Structures are given as C-alpha cells and as structure tokens.
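See below for structure.tsv, which holds TSV, C-alpha atoms.
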```
chain	number	residue	atom	x	y	z
A	6	MET	CA	10.82	64.55	11.92
A	7	THR	CA	11.37	65.42	15.54
A	8	ASN	CA	13.83	63.16	17.33
A	9	GLU	CA	14.55	62.65	20.98
A	10	PRO	CA	17.53	64.57	22.30
A	11	GLY	CA	20.74	62.71	21.64
A	12	ARG	CA	19.05	60.23	19.30
A	13	SER	CA	20.11	60.17	15.63
A	14	GLU	CA	17.59	58.94	13.06
A	15	PRO	CA	18.88	57.44	9.76
A	16	GLN	CA	18.02	59.55	6.73
A	17	ARG	CA	16.67	58.15	3.44
A	18	VAL	CA	17.30	54.41	3.86
A	19	VAL	CA	17.35	52.87	0.37
A	20	VAL	CA	16.75	49.25	-0.66
A	21	GLU	CA	18.81	48.15	-3.65
A	22	ARG	CA	17.67	44.53	-3.58
A	23	GLY	CA	14.76	43.11	-1.62
A	24	SER	CA	11.19	41.90	-1.67
A	25	ILE	CA	8.02	41.74	0.36
A	26	LEU	CA	6.93	38.27	1.44
A	27	ALA	CA	3.20	38.31	2.19
A	28	TYR	CA	1.90	35.09	3.78
A	29	ARG	CA	-1.64	33.72	3.75
A	30	ILE	CA	-1.69	30.58	5.89
A	31	PHE	CA	-4.60	28.11	6.08
A	32	ASP	CA	-5.48	25.06	8.18
A	33	VAL	CA	-6.77	22.33	5.81
A	34	GLY	CA	-6.74	19.09	7.79
A	35	ALA	CA	-5.48	17.06	10.73
A	36	THR	CA	-2.38	15.92	8.79
A	37	ILE	CA	-1.03	15.95	5.25
A	38	ALA	CA	0.81	12.91	3.88
A	39	LEU	CA	3.79	14.60	2.23
A	40	ASP	CA	4.87	11.40	0.43
A	41	ALA	CA	1.42	11.17	-1.15
A	42	VAL	CA	1.60	14.83	-2.16
A	43	GLU	CA	4.90	14.23	-3.96
A	44	LYS	CA	3.23	11.49	-6.01
A	45	ARG	CA	0.16	13.57	-6.83
A	46	VAL	CA	2.02	16.82	-7.56
A	47	PRO	CA	5.22	16.08	-9.54
A	48	THR	CA	6.43	19.69	-9.20
A	49	ALA	CA	6.49	19.50	-5.38
A	50	ARG	CA	9.97	19.76	-3.88
A	51	ARG	CA	11.27	19.53	-0.33
A	52	PHE	CA	11.70	23.05	1.00
A	53	GLU	CA	15.33	24.16	1.29
A	54	THR	CA	15.75	26.74	4.03
A	55	GLY	CA	19.40	27.37	3.35
A	56	GLY	CA	19.96	27.32	7.09
A	57	PRO	CA	22.86	26.09	9.18
A	58	ALA	CA	23.46	22.50	10.20
A	59	GLY	CA	22.26	23.36	13.70
A	60	LEU	CA	18.65	23.52	12.49
A	61	VAL	CA	16.99	20.11	12.35
A	62	ILE	CA	13.51	19.85	10.82
A	63	PRO	CA	12.05	16.32	11.25
A	64	ALA	CA	9.57	16.70	8.37
A	65	ARG	CA	10.63	19.35	5.88
A	66	PRO	CA	7.60	20.92	4.18
A	67	LEU	CA	6.99	20.69	0.45
A	68	GLU	CA	7.34	23.69	-1.83
A	69	ILE	CA	5.06	24.00	-4.87
A	70	ALA	CA	5.58	26.83	-7.36
A	71	LEU	CA	2.24	28.28	-8.48
A	72	GLY	CA	3.54	30.93	-10.87
A	73	ALA	CA	3.10	34.66	-11.37
A	74	CYS	CA	0.18	36.59	-9.93
A	75	ASP	CA	-1.00	40.17	-10.47
A	76	ILE	CA	-2.16	41.88	-7.29
A	77	VAL	CA	-4.40	44.90	-7.74
A	78	VAL	CA	-4.30	47.25	-4.75
A	79	PRO	CA	-7.10	49.84	-5.08
A	80	PHE	CA	-5.79	51.76	-2.07
A	81	LEU	CA	-2.61	52.54	-4.02
A	82	ALA	CA	-4.25	52.53	-7.47
A	83	ALA	CA	-1.50	50.11	-8.47
A	84	ARG	CA	-1.07	46.65	-9.98
A	85	LEU	CA	1.77	44.69	-8.38
A	86	SER	CA	3.48	41.70	-9.95
A	87	GLY	CA	4.15	38.84	-7.57
A	88	TYR	CA	5.20	35.22	-7.59
A	89	VAL	CA	3.25	32.66	-5.59
A	90	THR	CA	4.66	29.62	-3.82
A	91	ALA	CA	2.81	27.13	-1.63
A	92	HIS	CA	4.41	25.48	1.40
A	93	VAL	CA	2.72	22.26	2.54
A	94	PHE	CA	3.33	21.22	6.17
A	95	ASP	CA	2.69	17.73	7.50
A	96	PHE	CA	0.69	19.05	10.48
A	97	GLY	CA	-2.21	20.11	8.23
A	98	VAL	CA	-1.21	23.63	7.18
A	99	VAL	CA	-0.81	25.13	3.72
A	100	SER	CA	0.99	28.47	3.44
A	101	PHE	CA	0.92	30.69	0.35
A	102	VAL	CA	3.82	33.12	-0.05
A	103	TYR	CA	3.26	36.12	-2.32
A	104	GLU	CA	6.69	37.52	-3.17
A	105	ILE	CA	6.68	41.07	-4.52
A	106	SER	CA	10.09	42.28	-5.70
A	107	LEU	CA	11.05	45.83	-4.78
A	108	GLN	CA	12.34	48.27	-7.35
A	109	PRO	CA	16.02	49.14	-6.76
A	110	GLY	CA	16.24	52.52	-5.09
A	111	THR	CA	12.99	52.16	-3.13
A	112	THR	CA	13.26	54.03	0.16
A	113	PHE	CA	11.84	52.92	3.51
A	114	ASP	CA	9.62	56.01	3.42
A	115	GLU	CA	8.13	54.79	0.13
A	116	LEU	CA	7.69	51.30	1.56
A	117	VAL	CA	5.50	52.44	4.45
A	118	PRO	CA	2.28	53.10	2.43
A	119	LEU	CA	2.90	49.96	0.36
A	120	CYS	CA	3.22	47.81	3.46
A	121	ASP	CA	0.22	49.53	5.03
A	122	ALA	CA	-1.85	48.49	1.99
A	123	LEU	CA	-0.53	44.90	1.93
A	124	TYR	CA	-0.58	43.90	5.62
A	125	GLU	CA	-4.33	43.17	5.68
A	126	ALA	CA	-5.08	43.45	1.96
A	127	ALA	CA	-8.45	41.91	1.09
A	128	GLU	CA	-7.10	41.30	-2.42
A	129	LEU	CA	-4.42	38.98	-1.05
A	130	ASP	CA	-7.03	37.27	1.13
A	131	GLU	CA	-9.10	36.57	-2.00
A	132	HIS	CA	-6.08	35.24	-3.88
A	133	GLY	CA	-5.26	33.06	-0.88
A	134	SER	CA	-8.75	31.55	-0.76
A	135	GLU	CA	-8.67	30.84	-4.49
A	136	HIS	CA	-5.23	29.24	-4.32
A	137	ARG	CA	-6.34	27.21	-1.30
A	138	SER	CA	-9.31	25.74	-3.19
A	139	ASP	CA	-7.22	24.98	-6.28
A	140	LEU	CA	-4.42	23.35	-4.33
A	141	LEU	CA	-6.77	21.22	-2.22
A	142	ARG	CA	-8.21	19.75	-5.40
A	143	ARG	CA	-4.69	18.81	-6.45
A	144	LEU	CA	-3.79	17.35	-3.06
A	145	GLY	CA	-6.91	15.17	-2.95
A	146	ASP	CA	-6.90	12.41	-0.34
A	147	SER	CA	-3.35	13.21	0.78
A	148	VAL	CA	-5.08	15.60	3.22
A	149	GLU	CA	-6.19	13.39	6.10
A	150	LYS	CA	-9.34	14.35	8.02
A	151	PRO	CA	-9.98	17.60	6.11
A	152	HIS	CA	-11.06	20.64	8.12
A	153	ASP	CA	-13.82	22.89	6.84
A	154	TRP	CA	-12.32	26.14	8.14
A	155	SER	CA	-11.49	28.89	5.69
A	156	GLU	CA	-10.01	31.52	8.03
A	157	ALA	CA	-6.41	32.49	7.37
A	158	GLU	CA	-3.52	33.83	9.39
A	159	THR	CA	-1.53	36.63	7.75
A	160	TYR	CA	2.07	37.73	8.15
A	161	THR	CA	4.39	39.96	6.13
A	162	VAL	CA	8.19	39.99	5.98
A	163	ILE	CA	10.13	42.90	4.47
A	164	PHE	CA	13.13	40.95	3.22
A	165	VAL	CA	16.17	43.08	2.33
A	166	GLU	CA	19.36	41.67	0.85
A	167	THR	CA	21.17	44.87	-0.09
A	168	LEU	CA	20.85	48.41	1.26
A	169	GLY	CA	21.93	51.41	-0.79
A	170	GLU	CA	25.11	53.26	-0.01
A	171	GLN	CA	24.85	56.46	2.04
A	172	GLU	CA	27.34	59.14	2.94
A	173	GLN	CA	26.65	58.56	6.61
A	174	LYS	CA	25.37	55.00	6.61
A	175	PRO	CA	23.92	54.14	10.04
A	176	SER	CA	24.71	50.88	11.76
A	177	LEU	CA	22.01	48.23	11.51
A	178	GLU	CA	21.64	48.38	15.28
A	179	VAL	CA	20.66	52.05	15.04
A	180	LEU	CA	18.48	51.44	11.99
A	181	ALA	CA	16.61	48.54	13.64
A	182	ARG	CA	15.51	50.70	16.56
A	183	SER	CA	14.67	53.77	14.51
A	184	GLU	CA	11.39	55.58	13.99
A	185	ILE	CA	11.18	54.66	10.30
A	186	VAL	CA	11.48	50.92	11.00
A	187	ALA	CA	8.80	51.10	13.69
A	188	LYS	CA	6.46	52.92	11.29
A	189	LEU	CA	7.32	50.46	8.52
A	190	LEU	CA	6.32	47.48	10.66
A	191	LEU	CA	3.14	49.21	11.80
A	192	GLY	CA	2.25	50.54	8.36
A	193	GLU	CA	1.87	53.94	10.00
A	194	THR	CA	1.74	56.67	7.35
A	195	SER	CA	1.22	59.65	9.68
A	196	GLN	CA	3.93	62.30	9.65
A	197	VAL	CA	3.56	62.68	13.42
A	198	PRO	CA	6.26	60.73	15.29
A	199	LEU	CA	5.26	57.67	17.28
A	200	GLY	CA	5.17	57.79	21.03
A	201	ARG	CA	8.36	56.57	22.65
A	202	ALA	CA	6.70	53.61	24.39
A	203	GLU	CA	4.97	52.49	21.18
A	204	ARG	CA	8.15	52.69	19.13
A	205	GLU	CA	10.17	50.81	21.71
A	206	ASP	CA	7.50	48.11	21.96
A	207	VAL	CA	7.53	47.56	18.18
A	208	VAL	CA	11.32	47.29	17.84
A	209	ARG	CA	12.23	45.61	21.13
A	210	HIS	CA	12.36	42.12	19.54
A	211	THR	CA	15.55	42.86	17.59
A	212	PHE	CA	18.26	40.31	16.85
A	213	SER	CA	21.55	40.35	14.99
A	214	TYR	CA	24.03	37.53	14.40
A	215	LEU	CA	26.64	39.42	12.38
A	216	ARG	CA	27.08	43.16	12.03
A	217	ASP	CA	25.61	43.09	8.52
A	218	ASP	CA	22.32	41.33	9.33
A	219	VAL	CA	19.36	42.14	11.57
A	220	VAL	CA	15.87	40.86	12.36
A	221	VAL	CA	13.06	42.92	13.90
A	222	VAL	CA	9.98	40.87	14.81
A	223	ASP	CA	6.56	42.43	15.42
A	224	TRP	CA	3.18	40.75	15.85
A	225	ASN	CA	2.03	41.13	12.22
A	226	SER	CA	5.22	41.90	10.30
A	227	ALA	CA	8.99	41.67	10.44
A	228	LEU	CA	12.03	43.30	8.90
A	229	VAL	CA	14.78	40.89	7.88
A	230	ILE	CA	18.05	42.25	6.49
A	231	GLU	CA	20.09	39.27	5.29
A	232	PRO	CA	22.92	39.98	2.79
A	233	ASN	CA	23.50	36.30	1.97
A	234	GLY	CA	19.88	35.84	0.88
A	235	SER	CA	19.12	32.97	3.29
A	236	ARG	CA	15.38	32.45	3.86
A	237	ILE	CA	15.80	30.60	7.15
A	238	VAL	CA	14.50	33.46	9.33
A	239	PRO	CA	11.36	34.04	7.20
A	240	PHE	CA	10.78	30.27	7.37
A	241	ILE	CA	10.97	30.32	11.17
A	242	LEU	CA	8.51	33.23	11.29
A	243	GLU	CA	6.21	31.37	8.89
A	244	LEU	CA	6.37	28.29	11.10
A	245	ALA	CA	5.54	30.29	14.24
A	246	THR	CA	2.57	31.90	12.43
A	247	SER	CA	1.39	28.42	11.40
A	248	GLN	CA	1.39	27.34	15.04
A	249	LEU	CA	-0.66	30.40	15.97
A	250	LEU	CA	-3.17	29.48	13.26
A	251	GLU	CA	-3.50	25.91	14.52
A	252	PHE	CA	-4.13	26.94	18.10
A	253	ARG	CA	-6.73	29.45	16.84
A	254	TYR	CA	-8.43	26.61	14.96
A	255	TYR	CA	-8.60	24.33	17.99
A	256	ASP	CA	-9.72	27.22	20.18
A	257	LYS	CA	-12.63	27.84	17.80
A	258	LEU	CA	-13.39	24.12	17.66
A	259	LEU	CA	-13.55	23.84	21.43
A	260	ASP	CA	-15.88	26.85	21.58
A	261	ILE	CA	-18.25	24.86	19.36
A	262	GLU	CA	-17.87	21.79	21.58
A	263	LEU	CA	-18.65	23.84	24.68
A	264	ALA	CA	-21.76	25.26	23.02
A	265	ARG	CA	-22.91	21.72	22.25
A	266	LEU	CA	-22.30	20.74	25.85
A	267	TYR	CA	-24.45	23.61	27.07
A	268	GLU	CA	-27.21	22.40	24.77
A	269	HIS	CA	-26.97	18.92	26.28
A	270	VAL	CA	-27.10	20.35	29.78
A	271	GLY	CA	-30.30	22.22	28.92
A	272	LYS	CA	-32.06	19.11	27.59
A	273	PRO	CA	-34.36	16.79	29.63
A	274	GLY	CA	-32.84	14.20	31.92
A	275	PRO	CA	-30.86	11.25	30.59
A	276	SER	CA	-32.42	8.04	29.32
A	277	MET	CA	-32.32	5.05	31.64
A	278	LEU	CA	-31.59	2.56	28.89
A	279	ARG	CA	-29.28	4.49	26.56
A	280	SER	CA	-26.81	7.25	27.33
A	281	PRO	CA	-27.46	10.42	25.28
A	282	TYR	CA	-23.82	11.33	25.74
A	283	ARG	CA	-22.29	8.43	23.85
A	284	SER	CA	-21.65	10.46	20.68
A	285	LEU	CA	-20.52	13.36	22.86
A	286	THR	CA	-18.02	11.06	24.54
A	287	ARG	CA	-16.59	10.04	21.20
A	288	ASN	CA	-16.26	13.68	20.12
A	289	VAL	CA	-14.48	14.64	23.35
A	290	MET	CA	-12.06	11.73	22.99
A	291	LYS	CA	-11.50	12.59	19.32
A	292	ARG	CA	-10.71	16.24	20.09
A	293	PHE	CA	-8.43	15.24	22.94
A	294	LEU	CA	-6.46	12.84	20.73
A	295	GLU	CA	-6.27	15.39	17.89
A	296	LEU	CA	-4.99	18.11	20.19
A	297	THR	CA	-2.49	15.78	21.86
A	298	GLU	CA	-1.12	14.69	18.48
A	299	PHE	CA	-1.06	18.27	17.25
A	300	THR	CA	0.87	19.67	20.22
A	301	GLU	CA	3.33	16.78	19.95
A	302	ARG	CA	3.87	17.53	16.26
A	303	ILE	CA	4.27	21.23	17.02
A	304	ASP	CA	6.82	20.55	19.75
A	305	ASN	CA	8.78	18.33	17.35
A	306	THR	CA	8.36	20.41	14.19
A	307	ILE	CA	11.55	22.38	14.70
A	308	LYS	CA	14.50	21.48	16.86
A	309	VAL	CA	17.32	23.94	17.20
A	310	VAL	CA	20.23	21.76	18.22
A	311	GLY	CA	23.23	24.02	17.96
A	312	ASP	CA	22.06	27.42	16.75
A	313	PHE	CA	21.02	29.46	19.77
A	314	TYR	CA	20.56	32.58	17.65
A	315	LEU	CA	17.76	30.96	15.63
A	316	ALA	CA	16.31	29.63	18.86
A	317	ARG	CA	16.08	33.16	20.26
A	318	VAL	CA	14.38	34.45	17.10
A	319	TYR	CA	11.92	31.56	17.12
A	320	LEU	CA	11.02	31.86	20.80
A	321	SER	CA	10.71	35.63	20.49
A	322	ALA	CA	8.26	35.22	17.58
A	323	ILE	CA	6.26	32.65	19.54
A	324	GLY	CA	6.02	35.07	22.45
A	325	ARG	CA	5.22	38.10	20.26
A	326	PHE	CA	2.40	36.17	18.57
A	327	ARG	CA	1.06	35.16	22.02
A	328	VAL	CA	1.14	31.49	21.03
A	329	PRO	CA	1.59	30.34	24.68
A	330	ASP	CA	-1.58	32.26	25.62
A	331	TRP	CA	-3.54	30.59	22.80
A	332	ARG	CA	-2.16	27.22	23.80
A	333	GLU	CA	-3.15	27.76	27.43
A	334	SER	CA	-6.64	28.83	26.30
A	335	VAL	CA	-7.03	25.68	24.22
A	336	GLU	CA	-5.81	23.39	26.99
A	337	THR	CA	-8.05	25.13	29.55
A	338	LYS	CA	-11.11	24.71	27.32
A	339	LEU	CA	-10.22	21.08	26.67
A	340	ARG	CA	-10.03	20.45	30.43
A	341	LEU	CA	-13.36	22.23	30.83
A	342	VAL	CA	-14.97	20.08	28.13
A	343	ALA	CA	-13.62	16.93	29.77
A	344	ARG	CA	-14.83	18.10	33.20
A	345	VAL	CA	-18.34	18.89	31.96
A	346	TYR	CA	-18.47	15.52	30.25
A	347	GLU	CA	-17.49	13.81	33.50
A	348	LEU	CA	-20.29	15.66	35.31
A	349	LEU	CA	-22.80	14.64	32.64
A	350	LYS	CA	-21.58	11.08	32.82
A	351	THR	CA	-21.91	11.12	36.61
A	352	ASP	CA	-25.45	12.45	36.21
A	353	VAL	CA	-26.33	9.50	33.96
A	354	GLU	CA	-24.78	6.99	36.35
A	355	THR	CA	-26.57	8.54	39.35
A	356	SER	CA	-29.92	8.46	37.57
A	357	ARG	CA	-29.40	4.82	36.60
A	358	ALA	CA	-28.42	3.90	40.14
A	359	GLN	CA	-31.57	5.59	41.47
A	360	PHE	CA	-33.64	3.79	38.84
A	361	LEU	CA	-32.15	0.43	39.86
A	362	GLU	CA	-32.80	1.18	43.53
A	363	ILE	CA	-36.45	1.91	42.72
A	364	ILE	CA	-36.71	-1.38	40.80
A	365	VAL	CA	-35.22	-3.29	43.77
A	366	ILE	CA	-37.65	-1.61	46.19
A	367	VAL	CA	-40.61	-2.42	43.92
A	368	LEU	CA	-39.52	-6.05	43.64
A	369	ILE	CA	-39.20	-6.31	47.41
A	370	LEU	CA	-42.67	-4.80	47.85
A	371	ILE	CA	-44.07	-7.30	45.35
A	372	GLU	CA	-42.46	-10.15	47.29
A	373	VAL	CA	-43.83	-8.84	50.61
A	374	VAL	CA	-47.33	-8.37	49.26
A	375	SER	CA	-47.20	-11.78	47.64
A	376	ALA	CA	-46.08	-13.37	50.91
A	377	LEU	CA	-48.86	-11.63	52.92
A	378	ARG	CA	-51.54	-12.76	50.45
A	379	HIS	CA	-50.51	-16.37	50.90
```
For this file, write the structure as structure tokens.
Amino acid sequence: MTNEPGRSEPQRVVVERGSILAYRIFDVGATIALDAVEKRVPTARRFETGGPAGLVIPARPLEIALGACDIVVPFLAARLSGYVTAHVFDFGVVSFVYEISLQPGTTFDELVPLCDALYEAAELDEHGSEHRSDLLRRLGDSVEKPHDWSEAETYTVIFVETLGEQEQKPSLEVLARSEIVAKLLLGETSQVPLGRAEREDVVRHTFSYLRDDVVVVDWNSALVIEPNGSRIVPFILELATSQLLEFRYYDKLLDIELARLYEHVGKPGPSMLRSPYRSLTRNVMKRFLELTEFTERIDNTIKVVGDFYLARVYLSAIGRFRVPDWRESVETKLRLVARVYELLKTDVETSRAQFLEIIVIVLILIEVVSALRH
C-alpha cells in the first residue's frame, strides 16, 4: 500500500475479541406503551447501557432477546451465526440488533469484505422484516396508532474490545485515521488507496476519551474500540439512527399529504354549503400534532447532563447522518401544507362571501320589484 510521505500506516491490525453489530431499525407506530409491553412480553427487560451517571434517559427502551439466527451471505458463500435482540423505544421505533461474533485473530483486512457484504445485506433486511412482523404480533395493542411503513434504516458498528498484540503497536489515534479504518467503514475492497480527501472525510469524526478507546463515526457505519465492553456508544449511535428514520417517515408522510393537496387544488370549486376541506383540515392538524409530539420526544429522549464526551459523539452522529437537514425538510413541508390549507380555506370563505352577496342582491331586487308592482 502506498502511503503519503511521512505518514505511517499500521500493519496487520488484529481483533482478539469483538463483534459486528448490524442494526435494522423500523418505525411501527406513533408511540409504544412500554409498561404494556412488559406485561405482554415477560422476557422484556429495561435496556442497560452500562453508561456513566452523566447520561440520563427519561424512558429507557426495552430489550427483548430473540435468540440465535443463521445469516447466509451468498456474496461470501458463508453462513454466519448471529444473536438477535430487539430494542423497543417509546417513540414508536423497534430496532433489531444482529450481533455476529468475530473469530479471535481476525484482521482488519479480513473484516473489510465481510463488512462490505453486511452493510446493505438483503439477507439481513429480510430477517429484519420477518422479525418485525413477529414482534408486532407479540406487542399487540401496546403499539399506539400503528404505522403501515415497512422501510428500515440500517447501521453497522464494528465493536472491538481487545486488539491483538503487535511488535510495533500503533496508537489508537494513528489507527483511527488510517487507510485501513477508512476502507473498513466504507467496505472498500479495492487494493488501490483512497484519495486523501475521501479518507479524511470518512475518519474526521473521531473521538477518544481515554488512550485505550476510540470511536470513528461515518454515515453508515462506525468503529468503536472499547476495552471495558460498555455498549453506551453503540446505543447512542442506534438512537441517532432511530431519529433519522423517524424524520424520514414524516418526510414521506408529508409528501403524500402534499400530493393530496395538489389533487384538491385541481378539483372543481368548493361547495357553498359544505367545505370539501374538512377532512383535510383534520389530517393537517393530526400531522401537526404528531410531528410536534415526536420532535418533543426526540429532544427529550436523551439528555447528557455531565458527560460532554458522549454529547460530542451524539451530536457528531446527528450531524453525520444529516438529521438536522431532514428535520428542516419536514418542518418546511409541514409549513407548506399548513399554508396551502390556509389558501384553500380562504378560497372557500371568499366563495361563500360572494355567494352571500349575490343572495343579498337578489333579495334586494325582489323587494324593489315587489315595491314597484304595488
């Protein structure tokens, strides 16, 4: 591999203990009553992040173990053994985590094609859809206002607890910004080195609290090296991905509402006796209330009181996933829907006013003609 002058690349990075956490995250409803889920699913347990006291989660999600799962990856001609866990969030999201343990001695070079196959694996998508259907049957009416939307958001975390010993072991700071880590997060199997700008863009969201841990966040994957085994950083990344999914859902929903509005605009003029926009009004108000409640829940889902390191990781993930852009898109479309509704409502009121004016004029004419006849 050709390196830049003066830049040392780590050689043969080995994982002694670690796993791949592949997430398939679904929106299933407006809210989920976690207390009701605990009654319906006895195996459900409150999720323990193992994080510091500085992290306050108002409504901790539920964790439901779903058991072992074989994942066939045709691209690699391999069958992988994984363990599936469901995380149930109160804001209407269910996340399935497929944990695939890594064989001790696996190198980062060997991980690249595996990650490339798993990042957007259709096999995992199919497993996710099946687990979603099965779990929804178990949750029953604890899912309030169910959403009929089957699209999923995906994310993958390469979670390393122990790295192998090397004669010249590089620092994690050097490793995090290396070519092999950038290719690992991209799933890039080419032997040709990445361009400098591309590599730097992939690894620029790098964080480290102690000298023996590091987090590298990219838009579709992350590398987390955590020797104490804490899952708090993967949880934060899962939460940020869930927020992205929810804003995608409402963005799609508002696209449908706008299409309906355009249909109404193209129809004949409004009725004088009954507004054709009454149901439309209710839908607009319903979407507005749903979105307002959702954004409030999102803003209150995680509060980092004393741990500024976790806050930086969380905000970096939110920015890398472009969640603020999706949120702005949703709020812009909601304002547009409300504005179009106001214009339609004004059109109805204007037509009714004109109709009343015509009635008044006709009545006056009848009175005048009646007076002249007598």
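With only C-alpha atoms as the atoms that count, the minimum distance from Asp114 (chain A) to the choices A:Val238, A:Phe31, A:Val98, A:Thr194 is reached by A:Thr194.
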(request) Skip Ala227 (chain A) itself and residues of its chain fewer than 3 positions away, then list as a PyMOL selection string all residues within 9 Å of it, counting all atoms listed in the file. (result) chain A and resi 160-164+190+220-224+239+242
Using C-alpha atoms, can you write the selected residues to a file as an mmCIF file, in the frame of the given file?
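File written: out31.cif
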```cif
data_model
loop_
_atom_site.group_PDB
_atom_site.id
_atom_site.type_symbol
_atom_site.label_atom_id
_atom_site.label_comp_id
_atom_site.auth_asym_id
_atom_site.auth_seq_id
_atom_site.Cartn_x
_atom_site.Cartn_y
_atom_site.Cartn_z
ATOM 1 C CA TYR A 160 2.070 37.730 8.150
ATOM 2 C CA THR A 161 4.390 39.960 6.130
ATOM 3 C CA VAL A 162 8.190 39.990 5.980
ATOM 4 C CA ILE A 163 10.130 42.900 4.470
ATOM 5 C CA PHE A 164 13.130 40.950 3.220
ATOM 6 C CA LEU A 190 6.320 47.480 10.660
ATOM 7 C CA VAL A 220 15.870 40.860 12.360
ATOM 8 C CA VAL A 221 13.060 42.920 13.900
ATOM 9 C CA VAL A 222 9.980 40.870 14.810
ATOM 10 C CA ASP A 223 6.560 42.430 15.420
ATOM 11 C CA TRP A 224 3.180 40.750 15.850
ATOM 12 C CA PRO A 239 11.360 34.040 7.200
ATOM 13 C CA LEU A 242 8.510 33.230 11.290
#
```
(message) Just to confirm, what's the straight-line distance from CA of Ile37 (chain A) to CA of Glu149 (chain A) in Å (one decimal)?
(response)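 Value for the CA of Ile37 (chain A)-CA of Glu149 (chain A) distance: 5.8 Å.
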(message) When you count only C-alpha atoms, which of these residues is closest to Leu296 (chain A): A:Asp312, A:Leu258, A:Gly324, A:Leu244?
(response) A:Leu258
(request) Rounded to one decimal place, report the CA of Trp331 (chain A)-CA of Arg253 (chain A) distance in Å. (result)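 Answer for the CA of Trp331 (chain A) to CA of Arg253 (chain A) separation: 6.9 Å.
Within 10 Å of the point (-6.6, 27.0, -1.4), and counting all atoms listed in the file, the protein, DNA and RNA residues are Arg29, Ile30, Phe31, Asp32, Val33, Ala91, Val99, Ser100, Phe101, Glu131, His132, Gly133, Ser134, Glu135, His136, Arg137, Ser138, Asp139, Leu140, Leu141, Arg142, Arg143 and Ser155 of chain A.
The space between CA of Leu315 (chain A) and CA of Ala181 (chain A) spans 17.7 Å.
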Padding 5 Å on each side, edges along x, y and z: where is the centre of the box around the listed atoms of region 97-104 of chain A, and how long are its edges in Å to one decimal? Output it as lines of an AutoDock Vina configuration file.
```
center_x = 2.2
center_y = 28.8
center_z = 2.5
size_x = 18.9
size_y = 27.4
size_z = 21.4
```
(request) Name the residues in contact with Cys74 (chain A) at a cut-off of 7 Å, using all atoms listed in the file, excluding same-chain residues fewer than 6 positions from it; report them as a PyMOL selection string. (result) chain A and resi 86-89
(message) With distances taken over all atoms listed in the file, which residue among A:Glu166, A:Glu205, A:Glu104, A:Glu115 lies nearest Leu71 (chain A)?
(response) A:Glu104
Need to verify the contact set: Ser147 (chain A), 7 Å, all atoms listed in the file, exclusion of same-chain residues closer than 4 positions in sequence. Can you return it as a PDB file with C-alpha atoms, in the coordinates of the input?
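The new file part_14.pdb reads:
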```pdb
ATOM      1  CA  ILE A  37      -1.030  15.950   5.250  1.00  0.00           C
ATOM      2  CA  ALA A  38       0.810  12.910   3.880  1.00  0.00           C
ATOM      3  CA  ALA A  41       1.420  11.170  -1.150  1.00  0.00           C
ATOM      4  CA  VAL A  42       1.600  14.830  -2.160  1.00  0.00           C
TER       5      VAL A  42
END
```
(request) Please provide the set of residues having any atom within 10 Å of Leu259 (chain A), restricted to only C-alpha atoms, with same-chain residues fewer than 4 positions apart removed, written as a PyMOL selection string. (result) chain A and resi 253-255+263-265+289+292+334-339+341-342
(message) Please list, as a VMD selection string, the residues that have an atom at most 10 Å away from (3.5, 41.7, 4.6) in the coordinates of this file, counting only C-alpha atoms.
(response) chain A and resid 24 to 29 102 to 105 119 to 126 159 to 164 190 192 225 to 228
(request) Go through A:Pro118, A:Pro329, A:Pro47, A:Gly145 one by one, measure the shortest atom-to-atom distance of each to Ala83 (chain A) using only C-alpha atoms, and give the residue with the smallest value. (result)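 The closest residue to Ala83 (chain A) is A:Pro118.
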(message) Calculated over all atoms listed in the file, which of the candidates A:Phe80, A:Glu251, A:Ser235, A:Pro109 has the smallest distance to Trp154 (chain A)?
(response) A:Glu251
